[in-house]
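What follows is a set of notes on a single structure, which appears directly below.
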Amino acid sequence: MKILVPVKRVVDFNVRIRVNPDGSGVDLSNVKMSMNPFDEISMEEALKLKEAGKAAEVIAVSIGPAKAEETLRSALAMGADRAILVETDDSVEPLAVAKILKGVVDAEGPGLVIVGKQAIDDDSNQTGQMLAALMGRAQATFASKVELEGGKAAVTREVDGGLQTIEIELPAVVTVDLRLNEPRYASLPSIMKAKKKPLEKKTPADYGVSTAARLKVLRTEEPSTRKVGIKVKSVAELIDKLRAEPGVL
Ligand code: AMP
């Protein structure tokens with residue numbers, strides 16, 4: 001069985017985001033880019049399943065600019081067997097990503113697609129759900145445990161009341177949550193080896209998908225800065241301030 005793992009190139013989670021002065025979006029010039037953290041978790045899970053003998057091949061796919069090849073090389077260094085880059089300079093919205101992924105699924109026939117629950121740049125949390133709908137297959141979102149047995153997956157999900165375990169038939173889409181696993185670091189030899197692993201290049205047109213924007217970003221703003229706090233000397237002073245100062249409570 002093949003496992004397909006979509007990996008998105010996003011601004012590194014350690015970078016302090018700067019908004020363009022005209023509010024048109026986020027400043028991406030000279031900013032460190034990395035694999036979306038949830039996609040590292042998906043990749044780790046796929047590799048664990050392969051190591052447990054539940055999958056034969058792990059394929060990483062990224063939709064993005066030529067530089068997304070670096071993200072795919074990181075996935076290959078973690079242990080993916082091969083990679084597909086669907087190259088475009090457009091900023092691709094979740095529906096178009098899901099349609100392209102559907103094209104990759106049709107071509108590759110994976111038994112499982114493991115997707116991040118959200119990309120940390122657009123925070124859409126839409127792609128996995130849309131892909132499952134386009135495939136007409138089951139989905140299990142926000143997985144914190146995945147077990148494969150006999151053409152089915154038992155997926156544990158964190159829900160309000162605790163943990164819910166559901167069973168879905170494969171092929172299916174699973175989206176992963178933070179607590180699923182701890183992604184591995186790629187060793188130097190595997191980084192070197194990854195340079196020679198196969199990486200196929202495609203375009204959205206190869207899958208008959210248009211990347212034209214459906215959404216228009218009206219404005220992007222920095223979060224409001226927190227006001228400086230004050231220190232009080234006693235509990236009495238604290239209570240006094242809470243009672244007296246308008247708007248505190
Ligand atoms: P989103 O729906 O944008 O929050 O993204 C959810 C997940 O979809 C991500 O964690 C990735 O696994 C996948 N994804 C979204 N955009 C891309 C992309 N451009 N290339 C590869 N995977 C993507």
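Here, A, B, ... name the chains of the structure tokens in the order displayed, residue numbers run from 1 inside each chain, and ligands are numbered from 1 in the same displayed order.
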Using only C-alpha atoms and all ligand atoms, which residues of the polymer chains come no farther than 6 Å from ligand 1? I'd like the answer as a PDB file with N, CA, C and O atoms, in the first residue's frame.
ATOM      1  N   PRO A   6       0.933  15.055   1.664  1.00  0.00           N
ATOM      2  CA  PRO A   6       1.126  16.414   1.147  1.00  0.00           C
ATOM      3  C   PRO A   6       1.916  17.252   2.160  1.00  0.00           C
ATOM      4  O   PRO A   6       1.617  17.228   3.355  1.00  0.00           O
ATOM      5  N   VAL A   7       2.942  17.942   1.660  1.00  0.00           N
ATOM      6  CA  VAL A   7       3.751  18.790   2.554  1.00  0.00           C
ATOM      7  C   VAL A   7       3.809  20.210   1.982  1.00  0.00           C
ATOM      8  O   VAL A   7       4.144  20.396   0.823  1.00  0.00           O
ATOM      9  N   LYS A   8       3.465  21.173   2.801  1.00  0.00           N
ATOM     10  CA  LYS A   8       3.421  22.558   2.317  1.00  0.00           C
ATOM     11  C   LYS A   8       4.627  23.358   2.819  1.00  0.00           C
ATOM     12  O   LYS A   8       5.039  23.197   3.974  1.00  0.00           O
ATOM     13  N   PHE A  38       2.566  20.550  10.920  1.00  0.00           N
ATOM     14  CA  PHE A  38       1.617  19.426  10.932  1.00  0.00           C
ATOM     15  C   PHE A  38       1.988  18.390   9.870  1.00  0.00           C
ATOM     16  O   PHE A  38       1.701  17.204  10.034  1.00  0.00           O
ATOM     17  N   ASP A  39       2.636  18.852   8.796  1.00  0.00           N
ATOM     18  CA  ASP A  39       3.010  17.920   7.727  1.00  0.00           C
ATOM     19  C   ASP A  39       4.226  17.078   8.135  1.00  0.00           C
ATOM     20  O   ASP A  39       4.396  15.953   7.659  1.00  0.00           O
ATOM     21  N   VAL A  61       4.210  14.990  -1.567  1.00  0.00           N
ATOM     22  CA  VAL A  61       3.802  15.865  -2.678  1.00  0.00           C
ATOM     23  C   VAL A  61       3.673  17.293  -2.166  1.00  0.00           C
ATOM     24  O   VAL A  61       3.178  17.517  -1.060  1.00  0.00           O
ATOM     25  N   SER A  62       4.169  18.243  -2.949  1.00  0.00           N
ATOM     26  CA  SER A  62       4.017  19.638  -2.571  1.00  0.00           C
ATOM     27  C   SER A  62       3.550  20.453  -3.769  1.00  0.00           C
ATOM     28  O   SER A  62       3.972  20.201  -4.897  1.00  0.00           O
ATOM     29  N   ILE A  63       2.673  21.390  -3.505  1.00  0.00           N
ATOM     30  CA  ILE A  63       2.194  22.279  -4.560  1.00  0.00           C
ATOM     31  C   ILE A  63       2.723  23.665  -4.202  1.00  0.00           C
ATOM     32  O   ILE A  63       2.413  24.185  -3.118  1.00  0.00           O
ATOM     33  N   GLY A  64       3.542  24.237  -5.076  1.00  0.00           N
ATOM     34  CA  GLY A  64       4.123  25.529  -4.738  1.00  0.00           C
ATOM     35  C   GLY A  64       5.222  25.904  -5.710  1.00  0.00           C
ATOM     36  O   GLY A  64       5.384  25.275  -6.754  1.00  0.00           O
ATOM     37  N   PRO A  94      -6.976  26.316  -0.820  1.00  0.00           N
ATOM     38  CA  PRO A  94      -7.240  24.914  -0.450  1.00  0.00           C
ATOM     39  C   PRO A  94      -8.049  24.118  -1.475  1.00  0.00           C
ATOM     40  O   PRO A  94      -7.733  22.956  -1.729  1.00  0.00           O
ATOM     41  N   VAL A  97      -5.751  23.134  -4.208  1.00  0.00           N
ATOM     42  CA  VAL A  97      -4.800  22.136  -3.678  1.00  0.00           C
ATOM     43  C   VAL A  97      -5.493  20.778  -3.618  1.00  0.00           C
ATOM     44  O   VAL A  97      -4.951  19.758  -4.072  1.00  0.00           O
ATOM     45  N   VAL A 115      -2.770  14.027   5.869  1.00  0.00           N
ATOM     46  CA  VAL A 115      -2.700  15.469   5.625  1.00  0.00           C
ATOM     47  C   VAL A 115      -2.583  16.186   6.979  1.00  0.00           C
ATOM     48  O   VAL A 115      -3.111  15.706   7.980  1.00  0.00           O
ATOM     49  N   GLY A 116      -1.893  17.329   6.986  1.00  0.00           N
ATOM     50  CA  GLY A 116      -1.849  18.126   8.209  1.00  0.00           C
ATOM     51  C   GLY A 116      -3.240  18.683   8.500  1.00  0.00           C
ATOM     52  O   GLY A 116      -4.010  18.916   7.571  1.00  0.00           O
ATOM     53  N   LYS A 117      -3.551  18.918   9.789  1.00  0.00           N
ATOM     54  CA  LYS A 117      -4.908  19.434  10.048  1.00  0.00           C
ATOM     55  C   LYS A 117      -5.029  20.881   9.571  1.00  0.00           C
ATOM     56  O   LYS A 117      -6.100  21.322   9.222  1.00  0.00           O
ATOM     57  N   GLN A 118      -3.922  21.611   9.548  1.00  0.00           N
ATOM     58  CA  GLN A 118      -3.976  22.959   8.989  1.00  0.00           C
ATOM     59  C   GLN A 118      -2.583  23.435   8.602  1.00  0.00           C
ATOM     60  O   GLN A 118      -1.590  22.963   9.155  1.00  0.00           O
ATOM     61  N   ALA A 119      -2.556  24.342   7.631  1.00  0.00           N
ATOM     62  CA  ALA A 119      -1.290  24.964   7.263  1.00  0.00           C
ATOM     63  C   ALA A 119      -1.160  26.198   8.148  1.00  0.00           C
ATOM     64  O   ALA A 119      -2.129  26.951   8.293  1.00  0.00           O
ATOM     65  N   ASP A 122      -2.068  29.886   6.255  1.00  0.00           N
ATOM     66  CA  ASP A 122      -3.435  30.357   5.984  1.00  0.00           C
ATOM     67  C   ASP A 122      -4.440  29.873   7.031  1.00  0.00           C
ATOM     68  O   ASP A 122      -5.580  30.350   7.062  1.00  0.00           O
ATOM     69  N   ASP A 123      -4.026  28.924   7.898  1.00  0.00           N
ATOM     70  CA  ASP A 123      -4.914  28.394   8.948  1.00  0.00           C
ATOM     71  C   ASP A 123      -6.279  27.995   8.408  1.00  0.00           C
ATOM     72  O   ASP A 123      -7.294  28.182   9.082  1.00  0.00           O
ATOM     73  N   SER A 124      -6.321  27.445   7.199  1.00  0.00           N
ATOM     74  CA  SER A 124      -7.628  27.164   6.590  1.00  0.00           C
ATOM     75  C   SER A 124      -8.322  25.942   7.186  1.00  0.00           C
ATOM     76  O   SER A 124      -9.526  25.957   7.406  1.00  0.00           O
ATOM     77  N   ASN A 125      -7.556  24.882   7.434  1.00  0.00           N
ATOM     78  CA  ASN A 125      -8.156  23.627   7.915  1.00  0.00           C
ATOM     79  C   ASN A 125      -9.267  23.180   6.958  1.00  0.00           C
ATOM     80  O   ASN A 125     -10.409  22.965   7.369  1.00  0.00           O
ATOM     81  N   GLN A 126      -8.939  23.102   5.670  1.00  0.00           N
ATOM     82  CA  GLN A 126      -9.951  22.755   4.670  1.00  0.00           C
ATOM     83  C   GLN A 126      -9.499  21.653   3.718  1.00  0.00           C
ATOM     84  O   GLN A 126     -10.328  20.901   3.212  1.00  0.00           O
ATOM     85  N   THR A 127      -8.193  21.587   3.447  1.00  0.00           N
ATOM     86  CA  THR A 127      -7.714  20.763   2.332  1.00  0.00           C
ATOM     87  C   THR A 127      -8.064  19.281   2.494  1.00  0.00           C
ATOM     88  O   THR A 127      -8.584  18.657   1.561  1.00  0.00           O
ATOM     89  N   GLY A 128      -7.769  18.705   3.656  1.00  0.00           N
ATOM     90  CA  GLY A 128      -8.028  17.275   3.867  1.00  0.00           C
ATOM     91  C   GLY A 128      -9.505  16.954   3.687  1.00  0.00           C
ATOM     92  O   GLY A 128      -9.874  15.980   3.008  1.00  0.00           O
TER      93      GLY A 128
END
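Near Val15 in chain A, within a cut-off of 9 Å and counting only C-alpha atoms, sit the residues A:Val31, A:Lys32, A:Met33, with same-chain residues fewer than 6 positions away left out.
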Write out as a list in words each polymer residue whose atoms come within 9 Å of Gly79 in chain A, counting only C-alpha atoms; drop sequence neighbours fewer than 6 positions from it.
-> Met43, Glu44, Leu47, Val58, Ala186, Ser190 and Ala194 of chain A
Running DSSP on the backbone, which parts of range 154-235 of chain A land in helix (DSSP H, G or I), as a PyMOL selection string?
-> chain A and resi 178-180+188-194+204-207+235
Please identify all polymer residues within 6 Å of range 145-147 of chain A, counting only C-alpha atoms, omitting same-chain residues fewer than 4 positions from it, and present them as a ChimeraX atom specification.
-> /A:153-156,180
Dump N, CA, C and O atoms for the selected residues as a tab-separated table (two decimals), in the first residue's frame?
chain	number	residue	atom	x	y	z
A	153	ALA	N	-8.85	1.59	9.00
A	153	ALA	CA	-8.03	2.37	9.93
A	153	ALA	C	-8.87	2.69	11.15
A	153	ALA	O	-10.02	3.12	11.01
A	154	ALA	N	-8.30	2.45	12.33
A	154	ALA	CA	-8.94	2.89	13.58
A	154	ALA	C	-8.22	4.18	13.97
A	154	ALA	O	-7.01	4.18	14.16
A	155	VAL	N	-8.98	5.26	14.03
A	155	VAL	CA	-8.36	6.56	14.28
A	155	VAL	C	-8.94	7.16	15.55
A	155	VAL	O	-10.16	7.28	15.70
A	156	THR	N	-8.04	7.52	16.47
A	156	THR	CA	-8.48	8.16	17.71
A	156	THR	C	-8.35	9.67	17.53
A	156	THR	O	-7.35	10.16	17.01
A	180	LEU	N	-0.09	13.47	17.83
A	180	LEU	CA	0.01	12.16	17.20
A	180	LEU	C	1.39	11.53	17.39
A	180	LEU	O	1.53	10.36	17.70
From a DSSP pass on the backbone, collect the residues of range 56-187 of chain A flagged as strand (DSSP E or B) and hand them back as a ChimeraX atom specification.
-> /A:57-64,82-87,112-116,138-149,152-159,162-169,172-176
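Note that CA of Lys227 in chain A and CA of Ser29 in chain A are 29.3 Å apart.
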Give me, please, the distance in Å between CA of Pro65 in chain A and CA of Ile84 in chain A, quoted to one decimal.
-> 12.4 Å
CA of Lys102 in chain A to CA of Val209 in chain A, distance in Å rounded to a single decimal |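 We find that CA of Lys102 in chain A and CA of Val209 in chain A lie 10.1 Å from each other.
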Ser144 in chain A surroundings by only C-alpha atoms, 10 Å radius, close-in-sequence under 2 positions cut, as a list in words =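 Listing them by chain and then by number gives Thr141, Phe142, Val146, Val155, Thr156, Arg157, Glu158, Leu163, Gln164, Thr165, Thr175, Val176, Asp177, Leu178, Arg179, Leu180 and Asn181 of chain A.
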List every residue of range 83-155 of chain A that has an atom at most 9 Å from any atom of range 210-226 of chain A, giving for each one its closest atom pair and the distance in Å to one decimal, counting only C-alpha atoms, sorted by chain and then by ascending residue number, as a tab-separated table.
residue	atom	partner	partner_atom	distance
A:Thr88	CA	A:Thr211	CA	8.5
A:Asp90	CA	A:Thr211	CA	6.8
A:Ser91	CA	A:Thr211	CA	7.8
A:Val92	CA	A:Thr211	CA	5.8
A:Glu93	CA	A:Ala213	CA	6.9
A:Ala96	CA	A:Thr211	CA	5.9
A:Val97	CA	A:Thr211	CA	8.4
With all heavy atoms kept, could you save the residues just selected as a PDB file, in the first residue's frame?
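Here's the written file again00.pdb:
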ATOM      1  N   THR A  88       4.000  25.820  -9.240  1.00  0.00           N
ATOM      2  CA  THR A  88       3.243  27.009  -9.624  1.00  0.00           C
ATOM      3  C   THR A  88       3.698  28.177  -8.747  1.00  0.00           C
ATOM      4  O   THR A  88       4.008  27.978  -7.571  1.00  0.00           O
ATOM      5  CB  THR A  88       1.711  26.811  -9.455  1.00  0.00           C
ATOM      6  OG1 THR A  88       1.078  28.071  -9.620  1.00  0.00           O
ATOM      7  CG2 THR A  88       1.321  26.249  -8.112  1.00  0.00           C
ATOM      8  N   ASP A  90       1.643  30.719  -8.347  1.00  0.00           N
ATOM      9  CA  ASP A  90       0.402  31.285  -7.796  1.00  0.00           C
ATOM     10  C   ASP A  90       0.281  30.886  -6.330  1.00  0.00           C
ATOM     11  O   ASP A  90       0.806  29.858  -5.918  1.00  0.00           O
ATOM     12  CB  ASP A  90      -0.820  30.718  -8.534  1.00  0.00           C
ATOM     13  CG  ASP A  90      -0.847  31.183  -9.979  1.00  0.00           C
ATOM     14  OD1 ASP A  90      -0.119  32.139 -10.305  1.00  0.00           O
ATOM     15  OD2 ASP A  90      -1.588  30.569 -10.772  1.00  0.00           O
ATOM     16  N   SER A  91      -0.450  31.709  -5.550  1.00  0.00           N
ATOM     17  CA  SER A  91      -0.737  31.246  -4.189  1.00  0.00           C
ATOM     18  C   SER A  91      -2.006  30.394  -4.294  1.00  0.00           C
ATOM     19  O   SER A  91      -3.060  30.885  -4.688  1.00  0.00           O
ATOM     20  CB  SER A  91      -0.867  32.431  -3.228  1.00  0.00           C
ATOM     21  OG  SER A  91      -2.182  32.795  -3.060  1.00  0.00           O
ATOM     22  N   VAL A  92      -1.839  29.112  -4.039  1.00  0.00           N
ATOM     23  CA  VAL A  92      -2.901  28.153  -4.348  1.00  0.00           C
ATOM     24  C   VAL A  92      -3.823  27.965  -3.147  1.00  0.00           C
ATOM     25  O   VAL A  92      -3.371  27.650  -2.045  1.00  0.00           O
ATOM     26  CB  VAL A  92      -2.301  26.796  -4.788  1.00  0.00           C
ATOM     27  CG1 VAL A  92      -3.378  25.892  -5.356  1.00  0.00           C
ATOM     28  CG2 VAL A  92      -1.217  27.009  -5.826  1.00  0.00           C
ATOM     29  N   GLU A  93      -5.111  28.190  -3.380  1.00  0.00           N
ATOM     30  CA  GLU A  93      -6.099  28.078  -2.299  1.00  0.00           C
ATOM     31  C   GLU A  93      -6.452  26.609  -2.040  1.00  0.00           C
ATOM     32  O   GLU A  93      -6.300  25.774  -2.937  1.00  0.00           O
ATOM     33  CB  GLU A  93      -7.353  28.862  -2.680  1.00  0.00           C
ATOM     34  CG  GLU A  93      -7.086  30.348  -2.710  1.00  0.00           C
ATOM     35  CD  GLU A  93      -8.218  31.122  -3.383  1.00  0.00           C
ATOM     36  OE1 GLU A  93      -9.256  30.520  -3.720  1.00  0.00           O
ATOM     37  OE2 GLU A  93      -8.051  32.335  -3.570  1.00  0.00           O
ATOM     38  N   ALA A  96      -8.180  24.382  -4.764  1.00  0.00           N
ATOM     39  CA  ALA A  96      -7.314  24.011  -5.888  1.00  0.00           C
ATOM     40  C   ALA A  96      -6.286  22.972  -5.436  1.00  0.00           C
ATOM     41  O   ALA A  96      -5.995  22.020  -6.168  1.00  0.00           O
ATOM     42  CB  ALA A  96      -6.631  25.251  -6.454  1.00  0.00           C
ATOM     43  N   VAL A  97      -5.751  23.134  -4.208  1.00  0.00           N
ATOM     44  CA  VAL A  97      -4.800  22.136  -3.678  1.00  0.00           C
ATOM     45  C   VAL A  97      -5.493  20.778  -3.618  1.00  0.00           C
ATOM     46  O   VAL A  97      -4.951  19.758  -4.072  1.00  0.00           O
ATOM     47  CB  VAL A  97      -4.285  22.538  -2.265  1.00  0.00           C
ATOM     48  CG1 VAL A  97      -3.474  21.411  -1.643  1.00  0.00           C
ATOM     49  CG2 VAL A  97      -3.452  23.797  -2.336  1.00  0.00           C
TER      50      VAL A  97
END
Would you please work out which residue, of A:Lys2, A:Arg73, A:Lys50, A:Lys67, is nearest to Ile191 in chain A when using only C-alpha atoms?
->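 Counting only C-alpha atoms, the residue closest to Ile191 in chain A is A:Arg73.
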Which one is closest to Leu49 in chain A: A:Ala107, A:Val26, A:Val11, A:Ile3? Count only C-alpha atoms.
->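 Between A:Ala107, A:Val26, A:Val11, A:Ile3, the residue approaching Leu49 in chain A most closely is A:Ile3.
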